[in-house]
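A.B. asks: The structure under discussion is supplied below as structure tokens; questions concerning it will follow.
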Amino acid sequence: AAILTVGATVPARALSEARVLSPDWHNGETFTYAIYQPAVGRIATAYYRLLTGEYEGRPIYKIVYNGKGGGLAESSTAIVDAVTLEPYKSVRKIKSAKQVFYIDTSYGDGRILVRRKQGEEGQIQETSIDFPGRIFDYEEMMWLIPQLDFSNDDRVHLTLFSTIGDQTILVVVRNMGEDAFKFNNQKFTATKYTFNLNLITQTIWVQEIGGRRLAVKYDTGENILYNLEALKPGAAVVAPPAPEKKVEKPKPPEPVSYTHLRAHETSLHLVCRL
């Protein structure tokens, strides 16, 4: 008689929802990132400034960005909760030689409201998206990743919103451990994190500087950004210590899927998009 062997299905390991460690950013501090394109060289410069303040009575950080390159100039401000880093608002302006484009995104009451205007006298167009859950803004991604807690798992998930397509996406961020890279012929060690957007793997390297965790290298899959202050000649910066693992009861498996963003981003949305 024939013997039929049935293989048991092993359930996928459940992913932890991202837990944010409250940052200790200093009011007014600035960071300069050089933007490189492989086989081309340096193509642009990005400037960031971190500000503290209040928004509707809550303590907040403002992540202010300015960048120039490829005949385009972009500026943005993301207003995020000082404890959770969940966004309240983000404002973005893209300017070329011929036109200017504005995007204003607000979060609250289980809804995302996006307002767009092309030209100084253009008509405002509004889009409203219902989303009652926890979400983060694309404009804060480079600052959010270093603040994620990986003490329970080497992979965590979060939901991200981008104005390209006005879509939300479930992003899985993975801690790849300590990694070495070179910049200006000098070797640096950092903790490497990867995630996927637009069917492209993106990678952020994080170092501990003055007791704080900051992104020092960011590979978008197209361009590479380097933190010039952290990676200056003679800087002795190392990867932050690995977090102590905590033991938790296993959770039931949950499905994970991707909706990829920024697939149709054009030159209007800036060559040095971070």
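Residue numbers start at 1 in each chain; chains themselves are named A, B, ... in the order of the structure tokens; ligands are numbered from 1 in the order shown.
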Quick one: residues within 9 Å of Arg49 of chain A, only C-alpha atoms, excluding same-chain residues fewer than 3 positions away - as a list in words?

C.D. replies: Asn27, Gly28, Glu29, Thr30, Phe31, Thr32, Lys62, Ile63, Val64, Tyr65 and Asn66 of chain A

A.B. asks: Residues within 7 Å of Gly71 of chain A, please, as a list in words. Count only C-alpha atoms; anything in the same chain fewer than 2 positions from it doesn't count.

C.D. replies: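 Answer for this query is Gly69, Ala73 and Ser96 of chain A.
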
A.B. asks: Show me, as a list in words, the residues that have an atom within 8 Å of Glu178 of chain A when counting only C-alpha atoms, minus same-chain residues fewer than 4 positions from it.

C.D. replies: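 Near neighbours after the sequence-gap exclusion: Thr189, Ala190, Thr191, Lys192 and Ala239 of chain A.
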
A.B. asks: Pull the closest atom pair for each residue of segment 152-191 of chain A that gets at most 12 Å from segment 125-128 of chain A, along with the distance in Å to one decimal, counting only C-alpha atoms, ordering rows by chain and then ascending residue number, as CSV.

C.D. replies:
```
residue,atom,partner,partner_atom,distance
A:Thr163,CA,A:Thr127,CA,10.0
A:Gly165,CA,A:Thr127,CA,10.8
A:Asp166,CA,A:Thr127,CA,8.3
A:Gln167,CA,A:Ser128,CA,11.2
```

A.B. asks: Write the selection just made, keeping C-alpha atoms, as an mmCIF file, in the first residue's frame?

C.D. replies:
```
data_model
loop_
_atom_site.group_PDB
_atom_site.id
_atom_site.type_symbol
_atom_site.label_atom_id
_atom_site.label_comp_id
_atom_site.auth_asym_id
_atom_site.auth_seq_id
_atom_site.Cartn_x
_atom_site.Cartn_y
_atom_site.Cartn_z
ATOM 1 C CA THR A 163 1.885 61.633 -0.571
ATOM 2 C CA GLY A 165 -0.150 58.013 -4.544
ATOM 3 C CA ASP A 166 -1.609 58.944 -1.149
ATOM 4 C CA GLN A 167 -1.074 55.400 0.066
#
```

A.B. asks: Work out how far atom CA of Tyr61 of chain A is from atom CA of Lys217 of chain A, in Å to one decimal.

C.D. replies: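 Computing the Euclidean distance for atom CA of Lys217 of chain A and atom CA of Tyr61 of chain A yields 21.8 Å.
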
A.B. asks: Which distance in Å separates atom CA of Glu229 of chain A and atom CA of Val216 of chain A, to one decimal?

C.D. replies: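 Going from atom CA of Glu229 of chain A over to atom CA of Val216 of chain A covers 8.8 Å.
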
A.B. asks: Report as a ChimeraX atom specification all protein, DNA and RNA residues lying within 12 Å of Trp143 of chain A, evaluated on only C-alpha atoms, omitting residues in the same chain fewer than 6 positions from it.

C.D. replies: /A:20-25,31,48-50,61-65,78,80,85-86,136-137,204-206,212-218,274

A.B. asks: Give the alpha helix (DSSP H) residues of segment 32-267 of chain A, as assigned by DSSP on the backbone, as a list of chain:residue names.

C.D. replies: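 The alpha helix (DSSP H) subset of segment 32-267 of chain A is A:Met141, A:Met142, A:Trp143, A:Leu144.
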
A.B. asks: Let me see the file: selected residues, C-alpha atoms, as a CSV table (one decimal), in the first residue's frame.

C.D. replies:
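Final output, saved to selection-v1.csv:
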```csv
chain,number,residue,atom,x,y,z
A,141,MET,CA,11.9,58.1,8.1
A,142,MET,CA,15.6,58.8,8.4
A,143,TRP,CA,15.1,60.1,11.9
A,144,LEU,CA,12.6,57.5,13.0
```

A.B. asks: To test your reading of the structure, identify every residue in segment 3-183 of chain A that backbone DSSP assigns to strand (DSSP E), and report it as a VMD selection string.

C.D. replies: chain A and resid 16 to 17 30 to 37 41 to 55 58 to 69 72 to 81 87 to 95 100 to 108 111 to 118 125 to 130 136 to 137 155 to 162 167 to 183

A.B. asks: Considering only C-alpha atoms, state which residue in the set A:Asp179, A:Asp130, A:Asp154, A:Asp149 is at the smallest distance from Leu15 of chain A.

C.D. replies: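 Checking each of A:Asp179, A:Asp130, A:Asp154, A:Asp149 against Leu15 of chain A, counting only C-alpha atoms, the winner is A:Asp154.
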